[in-house]
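Okay, input.json is below, JSON, C-alpha atoms:
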[["chain", "number", "residue", "atom", "x", "y", "z"],
["A", 1, "MET", "CA", -40.59, 6.97, 30.55],
["A", 2, "THR", "CA", -43.72, 7.79, 32.53],
["A", 3, "GLN", "CA", -46.18, 5.13, 33.68],
["A", 4, "GLN", "CA", -48.65, 6.16, 30.98],
["A", 5, "GLU", "CA", -46.00, 6.17, 28.28],
["A", 6, "ALA", "CA", -45.14, 2.61, 29.25],
["A", 7, "ILE", "CA", -48.83, 1.61, 29.03],
["A", 8, "ASP", "CA", -49.14, 3.35, 25.66],
["A", 9, "ALA", "CA", -46.17, 1.37, 24.33],
["A", 10, "ARG", "CA", -47.68, -1.88, 25.65],
["A", 11, "ILE", "CA", -50.98, -1.03, 23.94],
["A", 12, "GLN", "CA", -49.21, -0.86, 20.59],
["A", 13, "SER", "CA", -47.46, -4.21, 20.99],
["A", 14, "TYR", "CA", -50.41, -5.98, 22.64],
["A", 15, "TYR", "CA", -52.97, -5.14, 19.97],
["A", 16, "ALA", "CA", -50.55, -5.35, 17.04],
["A", 17, "GLU", "CA", -48.80, -8.60, 17.95],
["A", 18, "VAL", "CA", -50.53, -10.46, 20.81],
["A", 19, "PHE", "CA", -54.30, -10.02, 20.86],
["A", 20, "ASP", "CA", -56.93, -10.00, 18.10],
["A", 21, "GLU", "CA", -59.46, -7.37, 19.15],
["A", 22, "HIS", "CA", -61.65, -8.15, 16.14],
["A", 23, "ALA", "CA", -62.11, -11.76, 17.28],
["A", 24, "ARG", "CA", -62.89, -10.71, 20.86],
["A", 25, "LEU", "CA", -66.32, -9.36, 19.92],
["A", 26, "THR", "CA", -67.09, -11.97, 17.27],
["A", 27, "THR", "CA", -65.64, -15.48, 17.54],
["A", 28, "ARG", "CA", -63.24, -15.72, 20.50],
["A", 29, "SER", "CA", -65.91, -16.83, 23.02],
["A", 30, "PRO", "CA", -69.70, -16.56, 23.50],
["A", 31, "GLN", "CA", -69.07, -13.63, 25.82],
["A", 32, "GLY", "CA", -67.99, -11.40, 22.92],
["A", 33, "PRO", "CA", -71.25, -11.44, 20.96],
["A", 34, "VAL", "CA", -73.19, -10.90, 24.20],
["A", 35, "GLU", "CA", -71.02, -7.88, 25.01],
["A", 36, "PHE", "CA", -71.50, -6.58, 21.46],
["A", 37, "LEU", "CA", -75.28, -7.00, 21.49],
["A", 38, "ARG", "CA", -75.72, -5.48, 24.94],
["A", 39, "THR", "CA", -73.49, -2.51, 24.08],
["A", 40, "GLN", "CA", -75.46, -1.85, 20.91],
["A", 41, "GLU", "CA", -78.70, -2.02, 22.91],
["A", 42, "ILE", "CA", -77.41, 0.54, 25.41],
["A", 43, "VAL", "CA", -76.25, 2.92, 22.68],
["A", 44, "ARG", "CA", -79.34, 2.65, 20.48],
["A", 45, "ALA", "CA", -81.71, 3.15, 23.41],
["A", 46, "ARG", "CA", -80.49, 6.77, 23.51],
["A", 47, "LEU", "CA", -79.05, 7.55, 20.10],
["A", 48, "ALA", "CA", -80.97, 7.92, 16.85],
["A", 49, "PRO", "CA", -79.12, 7.72, 13.51],
["A", 50, "GLY", "CA", -76.89, 10.76, 13.16],
["A", 51, "ARG", "CA", -73.23, 11.72, 13.38],
["A", 52, "VAL", "CA", -71.21, 9.56, 15.77],
["A", 53, "VAL", "CA", -67.55, 9.43, 16.73],
["A", 54, "ASP", "CA", -66.16, 6.12, 17.96],
["A", 55, "ILE", "CA", -63.16, 7.02, 20.13],
["A", 56, "GLY", "CA", -60.81, 4.08, 20.59],
["A", 57, "GLY", "CA", -63.01, 2.01, 18.32],
["A", 58, "GLY", "CA", -60.65, -0.96, 17.92],
["A", 59, "SER", "CA", -61.12, -2.74, 14.61],
["A", 60, "GLY", "CA", -64.46, -1.02, 14.06],
["A", 61, "ILE", "CA", -66.98, -3.68, 15.11],
["A", 62, "HIS", "CA", -69.37, -1.22, 16.77],
["A", 63, "ALA", "CA", -68.76, 1.54, 14.22],
["A", 64, "ARG", "CA", -69.49, -0.86, 11.36],
["A", 65, "ALA", "CA", -72.80, -1.97, 12.85],
["A", 66, "LEU", "CA", -73.91, 1.62, 13.33],
["A", 67, "GLN", "CA", -72.82, 2.65, 9.84],
["A", 68, "ARG", "CA", -74.82, -0.22, 8.31],
["A", 69, "ASP", "CA", -77.93, 1.17, 10.00],
["A", 70, "GLY", "CA", -77.60, 4.71, 8.73],
["A", 71, "PHE", "CA", -75.28, 6.38, 11.24],
["A", 72, "ASP", "CA", -72.55, 8.66, 9.88],
["A", 73, "VAL", "CA", -69.53, 7.32, 11.80],
["A", 74, "GLN", "CA", -66.00, 8.59, 12.25],
["A", 75, "MET", "CA", -63.56, 6.39, 14.16],
["A", 76, "ILE", "CA", -60.23, 6.99, 15.84],
["A", 77, "ASP", "CA", -57.88, 4.52, 17.51],
["A", 78, "PRO", "CA", -54.22, 4.72, 18.60],
["A", 79, "VAL", "CA", -53.32, 1.36, 17.01],
["A", 80, "PRO", "CA", -52.52, 1.48, 13.27],
["A", 81, "ARG", "CA", -53.53, -2.18, 12.82],
["A", 82, "HIS", "CA", -57.03, -1.37, 14.07],
["A", 83, "VAL", "CA", -57.34, 1.65, 11.80],
["A", 84, "GLU", "CA", -56.28, -0.40, 8.79],
["A", 85, "GLN", "CA", -58.85, -3.09, 9.63],
["A", 86, "ALA", "CA", -61.59, -0.47, 9.98],
["A", 87, "ARG", "CA", -60.68, 1.24, 6.71],
["A", 88, "SER", "CA", -60.65, -2.08, 4.87],
["A", 89, "ASP", "CA", -64.33, -2.42, 5.80],
["A", 90, "GLY", "CA", -65.22, 1.02, 4.48],
["A", 91, "LEU", "CA", -65.08, 3.02, 7.71],
["A", 92, "HIS", "CA", -63.69, 6.52, 8.05],
["A", 93, "ALA", "CA", -60.89, 5.92, 10.55],
["A", 94, "GLN", "CA", -57.65, 7.57, 11.59],
["A", 95, "VAL", "CA", -54.91, 7.11, 14.14],
["A", 96, "ALA", "CA", -55.43, 9.42, 17.10],
["A", 97, "ASP", "CA", -55.49, 9.55, 20.90],
["A", 98, "ALA", "CA", -58.61, 9.88, 23.05],
["A", 99, "ARG", "CA", -56.96, 12.72, 24.97],
["A", 100, "GLU", "CA", -56.70, 14.80, 21.79],
["A", 101, "VAL", "CA", -59.66, 14.07, 19.50],
["A", 102, "PRO", "CA", -58.97, 15.55, 16.02],
["A", 103, "PHE", "CA", -62.40, 17.07, 15.35],
["A", 104, "PRO", "CA", -63.94, 20.52, 15.89],
["A", 105, "ASP", "CA", -66.34, 21.36, 18.69],
["A", 106, "ASP", "CA", -70.01, 20.30, 18.59],
["A", 107, "VAL", "CA", -69.94, 18.27, 15.36],
["A", 108, "PHE", "CA", -71.35, 14.92, 16.55],
["A", 109, "ASP", "CA", -74.64, 13.74, 18.01],
["A", 110, "GLY", "CA", -72.93, 11.08, 20.09],
["A", 111, "ALA", "CA", -69.56, 9.67, 21.13],
["A", 112, "LEU", "CA", -68.62, 6.10, 21.96],
["A", 113, "MET", "CA", -65.65, 5.73, 24.28],
["A", 114, "LEU", "CA", -65.64, 1.98, 24.86],
["A", 115, "GLY", "CA", -61.93, 1.41, 25.50],
["A", 116, "PRO", "CA", -59.79, 4.42, 26.34],
["A", 117, "LEU", "CA", -60.66, 4.93, 30.01],
["A", 118, "TYR", "CA", -59.37, 1.58, 31.20],
["A", 119, "HIS", "CA", -56.05, 2.13, 29.45],
["A", 120, "LEU", "CA", -55.44, 5.47, 31.22],
["A", 121, "SER", "CA", -53.84, 5.22, 34.65],
["A", 122, "SER", "CA", -54.36, 8.75, 35.97],
["A", 123, "ARG", "CA", -57.65, 10.40, 36.81],
["A", 124, "ASP", "CA", -56.45, 13.58, 35.06],
["A", 125, "ASP", "CA", -55.95, 11.70, 31.78],
["A", 126, "ARG", "CA", -59.34, 10.01, 32.09],
["A", 127, "LEU", "CA", -61.05, 13.33, 32.72],
["A", 128, "GLN", "CA", -59.20, 14.84, 29.76],
["A", 129, "ALA", "CA", -60.46, 12.05, 27.49],
["A", 130, "LEU", "CA", -64.03, 12.50, 28.74],
["A", 131, "ARG", "CA", -63.84, 16.27, 28.21],
["A", 132, "GLU", "CA", -62.59, 15.71, 24.67],
["A", 133, "ALA", "CA", -65.55, 13.45, 23.95],
["A", 134, "ALA", "CA", -67.91, 16.06, 25.39],
["A", 135, "ARG", "CA", -66.24, 18.84, 23.39],
["A", 136, "VAL", "CA", -66.88, 17.26, 20.00],
["A", 137, "VAL", "CA", -70.50, 16.32, 20.81],
["A", 138, "ALA", "CA", -73.16, 18.99, 20.33],
["A", 139, "PRO", "CA", -75.20, 20.12, 23.35],
["A", 140, "GLY", "CA", -77.92, 17.58, 24.07],
["A", 141, "GLY", "CA", -75.91, 14.75, 22.54],
["A", 142, "PHE", "CA", -74.75, 11.62, 24.32],
["A", 143, "VAL", "CA", -71.46, 10.13, 25.47],
["A", 144, "PHE", "CA", -71.11, 6.41, 26.23],
["A", 145, "ALA", "CA", -68.00, 5.76, 28.33],
["A", 146, "ALA", "CA", -66.91, 2.26, 29.32],
["A", 147, "GLY", "CA", -64.84, 1.06, 32.25],
["A", 148, "LEU", "CA", -63.58, -2.36, 33.31],
["A", 149, "SER", "CA", -65.10, -3.63, 36.55],
["A", 150, "ARG", "CA", -62.78, -3.61, 39.55],
["A", 151, "TYR", "CA", -64.84, -6.44, 41.07],
["A", 152, "ILE", "CA", -64.22, -8.70, 38.08],
["A", 153, "ALA", "CA", -60.53, -7.75, 37.94],
["A", 154, "PHE", "CA", -60.13, -8.69, 41.60],
["A", 155, "GLY", "CA", -61.90, -12.01, 41.04],
["A", 156, "MET", "CA", -59.68, -12.88, 38.09],
["A", 157, "ALA", "CA", -56.57, -12.07, 40.14],
["A", 158, "THR", "CA", -57.56, -13.97, 43.27],
["A", 159, "LEU", "CA", -60.28, -16.59, 42.90],
["A", 160, "GLY", "CA", -59.46, -20.26, 42.48],
["A", 161, "ARG", "CA", -56.14, -20.08, 44.33],
["A", 162, "PRO", "CA", -55.00, -20.09, 47.97],
["A", 163, "VAL", "CA", -55.01, -16.76, 49.80],
["A", 164, "PRO", "CA", -51.36, -15.77, 50.33],
["A", 165, "GLU", "CA", -49.98, -14.79, 53.72],
["A", 166, "PRO", "CA", -49.17, -11.97, 54.04],
["A", 167, "TYR", "CA", -52.02, -10.61, 51.93],
["A", 168, "PRO", "CA", -50.51, -9.06, 48.76],
["A", 169, "ALA", "CA", -50.30, -5.29, 48.81],
["A", 170, "GLU", "CA", -51.17, -5.16, 45.11],
["A", 171, "TRP", "CA", -54.49, -6.93, 45.81],
["A", 172, "THR", "CA", -55.28, -4.23, 48.34],
["A", 173, "ALA", "CA", -54.29, -1.54, 45.82],
["A", 174, "LEU", "CA", -56.57, -3.12, 43.23],
["A", 175, "THR", "CA", -59.62, -3.20, 45.49],
["A", 176, "ALA", "CA", -59.00, 0.19, 47.09],
["A", 177, "HIS", "CA", -57.76, 2.21, 44.13],
["A", 178, "GLY", "CA", -58.30, 0.21, 40.92],
["A", 179, "THR", "CA", -54.56, -0.16, 40.38],
["A", 180, "PRO", "CA", -53.74, -3.06, 38.03],
["A", 181, "PRO", "CA", -51.55, -5.80, 39.52],
["A", 182, "ALA", "CA", -48.01, -6.12, 38.20],
["A", 183, "GLY", "CA", -47.38, -8.64, 35.46],
["A", 184, "LEU", "CA", -50.68, -8.36, 33.61],
["A", 185, "ARG", "CA", -50.31, -9.09, 29.91],
["A", 186, "PHE", "CA", -53.29, -6.82, 29.22],
["A", 187, "PRO", "CA", -52.15, -3.15, 29.21],
["A", 188, "ALA", "CA", -54.63, -1.99, 31.85],
["A", 189, "GLY", "CA", -54.39, 1.47, 33.34],
["A", 190, "HIS", "CA", -57.30, 1.42, 35.77],
["A", 191, "PHE", "CA", -60.24, -0.66, 36.97],
["A", 192, "HIS", "CA", -63.46, 1.15, 37.94],
["A", 193, "THR", "CA", -66.34, 0.68, 40.28],
["A", 194, "ALA", "CA", -69.67, 1.78, 38.83],
["A", 195, "GLU", "CA", -69.81, 4.64, 41.32],
["A", 196, "GLU", "CA", -66.32, 5.87, 40.48],
["A", 197, "LEU", "CA", -67.02, 5.75, 36.74],
["A", 198, "GLY", "CA", -70.14, 7.83, 37.25],
["A", 199, "GLU", "CA", -68.27, 10.31, 39.44],
["A", 200, "GLU", "CA", -65.54, 10.81, 36.84],
["A", 201, "VAL", "CA", -68.09, 11.39, 34.09],
["A", 202, "SER", "CA", -69.78, 14.03, 36.21],
["A", 203, "ALA", "CA", -66.45, 15.62, 37.15],
["A", 204, "ALA", "CA", -65.67, 15.99, 33.44],
["A", 205, "GLY", "CA", -68.74, 18.22, 33.10],
["A", 206, "LEU", "CA", -71.19, 15.74, 31.61],
["A", 207, "ARG", "CA", -74.69, 15.11, 32.95],
["A", 208, "LEU", "CA", -74.70, 11.51, 34.15],
["A", 209, "LEU", "CA", -77.85, 9.60, 33.25],
["A", 210, "GLU", "CA", -76.93, 6.09, 34.40],
["A", 211, "VAL", "CA", -74.14, 3.56, 34.80],
["A", 212, "VAL", "CA", -75.06, 0.09, 33.63],
["A", 213, "GLY", "CA", -73.48, -3.34, 33.55],
["A", 214, "VAL", "CA", -73.03, -4.82, 30.09],
["A", 215, "GLU", "CA", -72.60, -8.62, 30.09],
["A", 216, "GLY", "CA", -74.14, -9.31, 33.47],
["A", 217, "PRO", "CA", -73.09, -11.89, 36.09],
["A", 218, "ALA", "CA", -72.94, -14.73, 33.54],
["A", 219, "GLY", "CA", -70.35, -13.03, 31.37],
["A", 220, "GLY", "CA", -67.45, -14.80, 33.04],
["A", 221, "LEU", "CA", -69.11, -18.15, 32.46],
["A", 222, "LEU", "CA", -69.54, -17.42, 28.75],
["A", 223, "GLU", "CA", -65.86, -16.42, 28.59],
["A", 224, "SER", "CA", -64.90, -19.81, 30.03],
["A", 225, "VAL", "CA", -67.06, -22.31, 28.13],
["A", 226, "ALA", "CA", -66.74, -23.45, 24.55],
["A", 227, "GLY", "CA", -69.80, -23.89, 22.39],
["A", 228, "ALA", "CA", -72.34, -22.33, 24.73],
["A", 229, "SER", "CA", -75.88, -23.26, 23.73],
["A", 230, "ALA", "CA", -78.35, -20.74, 22.41],
["A", 231, "GLU", "CA", -80.41, -21.31, 25.56],
["A", 232, "LEU", "CA", -77.45, -20.40, 27.79],
["A", 233, "ILE", "CA", -76.72, -17.27, 25.78],
["A", 234, "ASP", "CA", -80.39, -16.20, 25.87],
["A", 235, "ALA", "CA", -80.49, -16.79, 29.62],
["A", 236, "SER", "CA", -77.31, -14.77, 30.06],
["A", 237, "LEU", "CA", -78.82, -11.87, 28.12],
["A", 238, "THR", "CA", -81.97, -11.98, 30.23],
["A", 239, "VAL", "CA", -79.93, -11.84, 33.44],
["A", 240, "ALA", "CA", -77.66, -9.11, 32.05],
["A", 241, "ARG", "CA", -80.61, -6.89, 31.24],
["A", 242, "ALA", "CA", -82.23, -7.50, 34.63],
["A", 243, "ALA", "CA", -79.00, -6.80, 36.53],
["A", 244, "ALA", "CA", -77.81, -3.84, 34.46],
["A", 245, "SER", "CA", -78.82, -1.07, 36.84],
["A", 246, "VAL", "CA", -78.80, -2.83, 40.22],
["A", 247, "PRO", "CA", -76.14, -1.25, 42.49],
["A", 248, "GLY", "CA", -73.42, -3.73, 43.32],
["A", 249, "ILE", "CA", -74.78, -6.39, 40.98],
["A", 250, "ARG", "CA", -73.97, -4.30, 37.91],
["A", 251, "ASP", "CA", -70.29, -4.52, 38.93],
["A", 252, "MET", "CA", -70.50, -8.26, 38.21],
["A", 253, "SER", "CA", -70.34, -7.32, 34.52],
["A", 254, "ALA", "CA", -66.82, -7.19, 33.15],
["A", 255, "HIS", "CA", -67.71, -3.95, 31.35],
["A", 256, "LEU", "CA", -69.57, -0.97, 32.76],
["A", 257, "ILE", "CA", -70.95, 1.84, 30.61],
["A", 258, "ALA", "CA", -71.71, 5.34, 31.83],
["A", 259, "VAL", "CA", -74.41, 7.00, 29.75],
["A", 260, "ALA", "CA", -74.14, 10.78, 29.87],
["A", 261, "GLN", "CA", -75.44, 13.85, 28.08],
["A", 262, "VAL", "CA", -73.68, 17.02, 27.04],
["A", 263, "ASP", "CA", -75.36, 19.90, 28.85],
["A", 264, "ALA", "CA", -77.67, 21.78, 26.50],
["A", 265, "ARG", "CA", -76.86, 24.97, 28.42],
["A", 266, "ARG", "CA", -73.18, 24.73, 27.57],
["A", 267, "VAL", "CA", -71.78, 27.81, 25.88]]

Show me the file's structure as structure tokens.
Amino acid sequence: MTQQEAIDARIQSYYAEVFDEHARLTTRSPQGPVEFLRTQEIVRARLAPGRVVDIGGGSGIHARALQRDGFDVQMIDPVPRHVEQARSDGLHAQVADAREVPFPDDVFDGALMLGPLYHLSSRDDRLQALREAARVVAPGGFVFAAGLSRYIAFGMATLGRPVPEPYPAEWTALTAHGTPPAGLRFPAGHFHTAEELGEEVSAAGLRLLEVVGVEGPAGGLLESVAGASAELIDASLTVARAAASVPGIRDMSAHLIAVAQVDARRV
């Protein structure tokens, strides 16, 4: 079994048996609704109602919000549980892999790819997924590709505990290459810096417009506190918006989104 095949198998068990992806963006913590709202803001700032494909759309939280507001949404996800949840809410959803999107060329105005990249360990697989998103979006359309912040991953692995001696090689691999530490329950394949995410999007043939942070520096706090006040959530949103495009600071968001456009000159 290859490394990616092992991750793919863990994805199936993790999302089917261990973790409720639907709750993550709704009720699990105050961070989830902030992530949802900020992601919707980033998408809607570029994308008018039209045809959208949500690649790796989980249980359909983002797809459902777009469909309610007049977008024609198709969703794919590799986890049958997620597809069933999405269909039960009236979404057009099917089981499929981001590296082989089951739609013809140039049929969508935009593509959301808010999960697949951080479950793919190799650069080649990540570029393949990005090229598939670009393929099904018409020239001039937009692709929104998310990565998990390497800075946040390193903090979660190391902060609040003594620094081991010798310094763990897997901590060095995480900071230098985005390699997930061993033993993570979450089936991570890769952690990005904002610069690396932008470079991969460009290498896949898309025109990079920006890479932005989603939740901002207060996202970790919202993940950790129960019953955050409305004032704290509003303050977190204000900081997230202000920090979204600041180099270095944007990496303090757990999620990064690259906003890119399919080249209108593509033939």

Report task. Considering all atoms listed in the file, return as a list in words whatever protein or nucleic-acid residues lie within 9 Å of range 122-125 of chain A, sequence-local ones (same chain, fewer than 2 positions apart) excluded. Result ->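 The contact residues come out as Gln4, Arg99, Leu117, Leu120, Leu127, Gln128, Ala129, Leu130, Gly189, His190 and Glu200 of chain A.
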
Report task. Compile the contact shell of range 228-232 of chain A as a list of chain:residue names: residues with an atom at most 9 Å away, counting only C-alpha atoms, same-chain residues fewer than 6 positions apart removed. Result -> A:Ser29, A:Pro30, A:Leu222

Could I get the residues of range 81-123 of chain A with an atom no further than 7 Å from an atom of range 133-152 of chain A, each paired with its nearest atom pair and that distance in Å to one decimal, using all atoms listed in the file, sorted by chain and residue number, as a Markdown table?
| residue | atom | partner | partner_atom | distance |
| --- | --- | --- | --- | --- |
| A:Phe103 | CA | A:Val136 | CA | 6.5 |
| A:Pro104 | CA | A:Val136 | CA | 6.0 |
| A:Asp105 | CA | A:Val136 | CA | 4.3 |
| A:Asp106 | CA | A:Ala138 | CA | 3.8 |
| A:Val107 | CA | A:Val136 | CA | 5.6 |
| A:Phe108 | CA | A:Val137 | CA | 4.6 |
| A:Asp109 | CA | A:Gly141 | CA | 4.8 |
| A:Gly110 | CA | A:Phe142 | CA | 4.6 |
| A:Ala111 | CA | A:Val143 | CA | 4.8 |
| A:Leu112 | CA | A:Phe144 | CA | 5.0 |
| A:Met113 | CA | A:Ala145 | CA | 4.7 |
| A:Leu114 | CA | A:Ala146 | CA | 4.6 |
| A:Gly115 | CA | A:Ala146 | CA | 6.3 |
| A:Leu117 | CA | A:Gly147 | CA | 6.1 |
| A:Tyr118 | CA | A:Gly147 | CA | 5.6 |

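Rounded to one decimal, CA of Leu184 in chain A and CA of Pro162 in chain A lie 19.0 Å from each other.
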
Query raised in the report: When distances are computed from all atoms listed in the file, which of A:Ala6, A:Ala176, A:Val43, A:Ala254 shows the smallest separation from Gln31 in chain A?
Result: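 Closest residue, counting all atoms listed in the file: A:Ala254.
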
Query raised in the report: Given the choices A:Pro80, A:Gly198, A:Gly57, A:Gly160, which gets closest to Ala98 in chain A if the distance is worked out from all atoms listed in the file?
Result: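 With all atoms listed in the file as the atom set, the closest residue is A:Gly57.
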